[in-house]
Amino acid sequence: MLDLHNLSFMSDGRQIINDLSFTFQKGKFYAITGPNGSGKTTLSKLIMGIHKATTGNIVFAGKDITNYTVTERAKAGIAYAFQHPARFKGLTLRDLLNIALGKDHKADMRDIVEKIGICSFEFLDKPVDSKLSGGEIKKIEMATTIALNPKIVIYDEPDTGIDLWTIDPMVNLLKKEQTEKGTTTIVISHNRTFLEAADTVILIKSGKIAYQGDTRGALPLLSDLSICNQNCKVHENDGCFR
Ligand SMILES: Nc1ncnc2c1ncn2[C@@H]1O[C@H](COP(=O)(O)OP(=O)(O)O)[C@@H](O)[C@H]1O
Ligand SMILES: [Mg+2]
């Protein structure tokens with residue numbers, strides 16, 4: 001459904017993505033993981049068209065989209081939720097949902113918020129500005145991304161800043177979107193709950209795929225990576241095994 005052929009991305013003389021090829025199958029759930037700085041966000045930005053590949057090409061649903069703009073990719077059904085979402089002074093979640101749903105929609109915003117289940121009604125009319133916490137803004141971005149009904153969606157570290165109690169509902173929500181709507185779902189995460197929910201785990205190291213396969217096969221490799229130093233025990237509490 002989404003084919004990456006020999007993708008490379010060079011910036012400032014550095015090879016950040018290195019001859020990477022992969023096929024994402026329709027309706028499957030993927031977790032991309034790997035050390036900080038390994039190129040996960042860069043790869044997702046190449047798919048969304050925020051960065052332009054130095055070499056290689058991208059085929060989506062049989063069409064070569066390598067030269068498509070971000071807007072053209074969004075219209076084709078690709079959505080992307082940023083690692084650090086934008087904040088909009090003066091706009092509320094209700095405004096963002098209205099934009100995501102299009103001008104002719106008749107949907108009831110409370111129904112949508114209820115269905116999404118990870119944000120509360122009180123967010124609807126709160127400005128999506130710098131006063132929101134990191135976790136709140138991630139929930140709002142997930143809500144607006146789901147409202148777009150994308151064919152394929154990439155969430156870049158959706159669990160950043162999210163409280164422990166929201167991780168499971170968040171994973172369940174994305175799994176529900178995947179199974180009920182057939183949304184091809186790609187989540188960049190270090191969180192074990194997301195990795196265990198995935199059909200396929202992709203481990204990125206130095207801009208290349210170091211592993212692709214089931215979660216069980218990935219776990220020993222991840223603990224061997226020594227991504228963190230000894231003081232990383234703090235992550236055990238949120239299910240991160242770094
Ligand atoms: N546009 C860019 N120009 C130059 N270097 C970049 C750019 N984007 C990311 N990088 C660098 O590329 C590497 C990979 O970054 P990134 O994709 O954000 O990693 P990850 O998401 O895996 O932590 C990092 O060393 C980062 O500093
Ligand atoms: Mg990143």
# chains A, B, ... in the order shown; residues from 1 in each chain; ligands from 1
>>> residues_near_ligand(ligand="ligand 1", cutoff="9 Å", atoms="only C-alpha atoms and all ligand atoms", output="NGL selection string")
:A and (10-17 or 33-45 or 51 or 83 or 156-157 or 188 or 204-207)
>>> select_by_dssp(residues="region 62-213 of chain A", states="strand (DSSP E or B)", output="NGL selection string")
:A and (63-64 or 78-81 or 92 or 127 or 152-156 or 184-188 or 191 or 200-205 or 208-213)
>>> select_by_dssp(residues="region 14-236 of chain A", states="helix (DSSP H, G or I)", output="PyMOL selection string")
chain A and resi 40-48+70-76+93-101+109-116+121-123+134-147+164-181+192-197+215-224+230-236
>>> closest_residue(among="A:Ala210, A:Leu221, A:Ala147, A:Ile32", to="ligand 2", atoms="only C-alpha atoms and all ligand atoms")
A:Ile32
>>> residues_around(residues="Val187 (chain A)", least_positions_apart="4", cutoff="9 Å", atoms="only C-alpha atoms", output="JSON, numbers by chain")
{"A": [29, 30, 31, 32, 33, 153, 154, 155, 156, 157, 158, 194, 195, 198]}
>>> residues_around(residues="Ile152 (chain A)", least_positions_apart="3", cutoff="12 Å", atoms="only C-alpha atoms", output="JSON, numbers by chain")
{"A": [1, 2, 24, 25, 26, 27, 28, 29, 30, 44, 47, 48, 60, 61, 73, 74, 75, 76, 77, 78, 79, 80, 81, 145, 146, 148, 149, 155, 174, 177, 178, 181, 182, 183, 184, 185, 186, 187]}
>>> write_last_selection(atoms="C-alpha atoms", output="PDB file, in the first residue's frame")
ATOM      1  CA  MET A   1       0.000   0.000   0.000  1.00  0.00           C
ATOM      2  CA  LEU A   2       2.875   2.356   0.828  1.00  0.00           C
ATOM      3  CA  PHE A  24       3.564  -0.990   4.612  1.00  0.00           C
ATOM      4  CA  GLN A  25       0.563  -3.290   4.032  1.00  0.00           C
ATOM      5  CA  LYS A  26      -3.001  -1.983   4.068  1.00  0.00           C
ATOM      6  CA  GLY A  27      -4.762  -2.169   7.440  1.00  0.00           C
ATOM      7  CA  LYS A  28      -1.744  -3.258   9.473  1.00  0.00           C
ATOM      8  CA  PHE A  29      -0.338  -1.697  12.644  1.00  0.00           C
ATOM      9  CA  TYR A  30       3.380  -0.835  12.674  1.00  0.00           C
ATOM     10  CA  SER A  44       8.055  10.018   8.848  1.00  0.00           C
ATOM     11  CA  ILE A  47       6.603   9.960   3.957  1.00  0.00           C
ATOM     12  CA  MET A  48       4.462  13.047   4.654  1.00  0.00           C
ATOM     13  CA  PHE A  60       1.165   5.072  -2.341  1.00  0.00           C
ATOM     14  CA  ALA A  61      -1.837   3.015  -3.485  1.00  0.00           C
ATOM     15  CA  ARG A  73      -0.337  13.658   0.153  1.00  0.00           C
ATOM     16  CA  ALA A  74      -2.928  14.718   2.753  1.00  0.00           C
ATOM     17  CA  LYS A  75      -5.622  14.746   0.044  1.00  0.00           C
ATOM     18  CA  ALA A  76      -4.505  11.255  -1.022  1.00  0.00           C
ATOM     19  CA  GLY A  77      -5.233  10.063   2.552  1.00  0.00           C
ATOM     20  CA  ILE A  78      -1.917  10.298   4.411  1.00  0.00           C
ATOM     21  CA  ALA A  79      -2.000  11.946   7.837  1.00  0.00           C
ATOM     22  CA  TYR A  80       0.778  12.808  10.251  1.00  0.00           C
ATOM     23  CA  ALA A  81       0.709  13.734  13.939  1.00  0.00           C
ATOM     24  CA  THR A 145      -5.994  13.336  13.130  1.00  0.00           C
ATOM     25  CA  ILE A 146      -8.619  10.619  13.668  1.00  0.00           C
ATOM     26  CA  LEU A 148      -9.576  13.240   9.142  1.00  0.00           C
ATOM     27  CA  ASN A 149     -10.318   9.532   8.533  1.00  0.00           C
ATOM     28  CA  TYR A 155       1.898   9.216  14.941  1.00  0.00           C
ATOM     29  CA  LEU A 174      -5.720   3.290  17.491  1.00  0.00           C
ATOM     30  CA  GLU A 177      -9.418   2.618  14.080  1.00  0.00           C
ATOM     31  CA  GLN A 178      -7.139   0.028  12.472  1.00  0.00           C
ATOM     32  CA  LYS A 181     -11.795   1.341   9.413  1.00  0.00           C
ATOM     33  CA  GLY A 182      -8.794  -0.530   8.040  1.00  0.00           C
ATOM     34  CA  THR A 183      -6.531   2.431   8.785  1.00  0.00           C
ATOM     35  CA  THR A 184      -2.899   1.560   8.168  1.00  0.00           C
ATOM     36  CA  THR A 185      -1.306   2.781  11.392  1.00  0.00           C
ATOM     37  CA  ILE A 186       2.330   3.652  12.014  1.00  0.00           C
ATOM     38  CA  VAL A 187       3.334   4.660  15.529  1.00  0.00           C
TER      39      VAL A 187
END
>>> closest_residue(among="A:Thr144, A:Lys208, A:Asn67, A:Ile116", to="Ile99 (chain A)", atoms="only C-alpha atoms")
A:Thr144
>>> closest_residue(among="A:Asp3, A:Leu219, A:Lys131, A:Phe82", to="ligand 2", atoms="only C-alpha atoms and all ligand atoms")
A:Phe82
>>> residues_around(residues="Thr193 (chain A)", least_positions_apart="4", cutoff="8 Å", atoms="only C-alpha atoms", output="list in words")
Ile167, Asp168, Val171, Ala197 and Gly239 of chain A
>>> decode(residues="region 38-116 of chain A", atoms="C-alpha atoms", output="mmCIF file, in the first residue's frame")
data_model
loop_
_atom_site.group_PDB
_atom_site.id
_atom_site.type_symbol
_atom_site.label_atom_id
_atom_site.label_comp_id
_atom_site.auth_asym_id
_atom_site.auth_seq_id
_atom_site.Cartn_x
_atom_site.Cartn_y
_atom_site.Cartn_z
ATOM 1 C CA SER A 38 18.394 7.282 14.470
ATOM 2 C CA GLY A 39 16.144 8.935 11.871
ATOM 3 C CA LYS A 40 12.583 7.946 12.864
ATOM 4 C CA THR A 41 11.095 11.446 12.691
ATOM 5 C CA THR A 42 13.023 12.180 9.503
ATOM 6 C CA LEU A 43 11.607 9.032 7.899
ATOM 7 C CA SER A 44 8.055 10.018 8.848
ATOM 8 C CA LYS A 45 8.600 13.519 7.437
ATOM 9 C CA LEU A 46 9.825 11.987 4.163
ATOM 10 C CA ILE A 47 6.603 9.960 3.957
ATOM 11 C CA MET A 48 4.462 13.047 4.654
ATOM 12 C CA GLY A 49 6.479 15.187 2.237
ATOM 13 C CA ILE A 50 7.719 17.633 4.874
ATOM 14 C CA HIS A 51 11.243 16.655 3.791
ATOM 15 C CA LYS A 52 12.052 15.752 0.211
ATOM 16 C CA ALA A 53 14.027 12.533 -0.302
ATOM 17 C CA THR A 54 17.516 13.028 -1.706
ATOM 18 C CA THR A 55 17.171 9.777 -3.657
ATOM 19 C CA GLY A 56 14.581 7.015 -3.909
ATOM 20 C CA ASN A 57 10.858 7.079 -4.429
ATOM 21 C CA ILE A 58 7.564 6.588 -2.604
ATOM 22 C CA VAL A 59 4.552 4.798 -4.072
ATOM 23 C CA PHE A 60 1.165 5.072 -2.341
ATOM 24 C CA ALA A 61 -1.837 3.015 -3.485
ATOM 25 C CA GLY A 62 -0.142 2.390 -6.821
ATOM 26 C CA LYS A 63 0.745 6.071 -7.508
ATOM 27 C CA ASP A 64 4.234 7.519 -7.400
ATOM 28 C CA ILE A 65 3.873 10.340 -4.847
ATOM 29 C CA THR A 66 7.573 11.206 -4.584
ATOM 30 C CA ASN A 67 6.970 14.669 -6.014
ATOM 31 C CA TYR A 68 3.614 15.305 -4.266
ATOM 32 C CA THR A 69 3.425 18.232 -1.845
ATOM 33 C CA VAL A 70 2.290 17.771 1.754
ATOM 34 C CA THR A 71 -1.202 18.948 0.771
ATOM 35 C CA GLU A 72 -1.404 16.504 -2.132
ATOM 36 C CA ARG A 73 -0.337 13.658 0.153
ATOM 37 C CA ALA A 74 -2.928 14.718 2.753
ATOM 38 C CA LYS A 75 -5.622 14.746 0.044
ATOM 39 C CA ALA A 76 -4.505 11.255 -1.022
ATOM 40 C CA GLY A 77 -5.233 10.063 2.552
ATOM 41 C CA ILE A 78 -1.917 10.298 4.411
ATOM 42 C CA ALA A 79 -2.000 11.946 7.837
ATOM 43 C CA TYR A 80 0.778 12.808 10.251
ATOM 44 C CA ALA A 81 0.709 13.734 13.939
ATOM 45 C CA PHE A 82 3.841 15.627 14.941
ATOM 46 C CA GLN A 83 6.237 14.697 17.746
ATOM 47 C CA HIS A 84 5.904 18.331 18.860
ATOM 48 C CA PRO A 85 2.430 19.475 17.742
ATOM 49 C CA ALA A 86 1.802 23.061 16.758
ATOM 50 C CA ARG A 87 -0.154 25.315 19.101
ATOM 51 C CA PHE A 88 -2.716 27.720 17.697
ATOM 52 C CA LYS A 89 -3.360 30.936 19.504
ATOM 53 C CA GLY A 90 -7.098 31.677 19.377
ATOM 54 C CA LEU A 91 -8.214 28.318 17.930
ATOM 55 C CA THR A 92 -10.047 25.682 19.966
ATOM 56 C CA LEU A 93 -10.390 21.921 19.519
ATOM 57 C CA ARG A 94 -13.890 22.625 18.122
ATOM 58 C CA ASP A 95 -12.303 24.858 15.426
ATOM 59 C CA LEU A 96 -9.655 22.241 14.606
ATOM 60 C CA LEU A 97 -12.263 19.480 14.341
ATOM 61 C CA ASN A 98 -14.372 21.678 12.064
ATOM 62 C CA ILE A 99 -11.351 22.170 9.792
ATOM 63 C CA ALA A 100 -10.540 18.426 9.840
ATOM 64 C CA LEU A 101 -14.142 17.403 9.062
ATOM 65 C CA GLY A 102 -14.636 19.894 6.203
ATOM 66 C CA LYS A 103 -17.146 22.696 5.802
ATOM 67 C CA ASP A 104 -20.253 20.614 5.026
ATOM 68 C CA HIS A 105 -20.089 18.194 7.920
ATOM 69 C CA LYS A 106 -23.060 17.753 10.245
ATOM 70 C CA ALA A 107 -21.233 15.901 13.000
ATOM 71 C CA ASP A 108 -21.870 16.673 16.648
ATOM 72 C CA MET A 109 -18.575 17.631 18.276
ATOM 73 C CA ARG A 110 -19.530 16.105 21.621
ATOM 74 C CA ASP A 111 -20.190 12.760 19.894
ATOM 75 C CA ILE A 112 -16.754 12.910 18.319
ATOM 76 C CA VAL A 113 -15.007 13.759 21.574
ATOM 77 C CA GLU A 114 -16.935 10.989 23.333
ATOM 78 C CA LYS A 115 -16.056 8.477 20.638
ATOM 79 C CA ILE A 116 -12.393 9.402 20.755
#
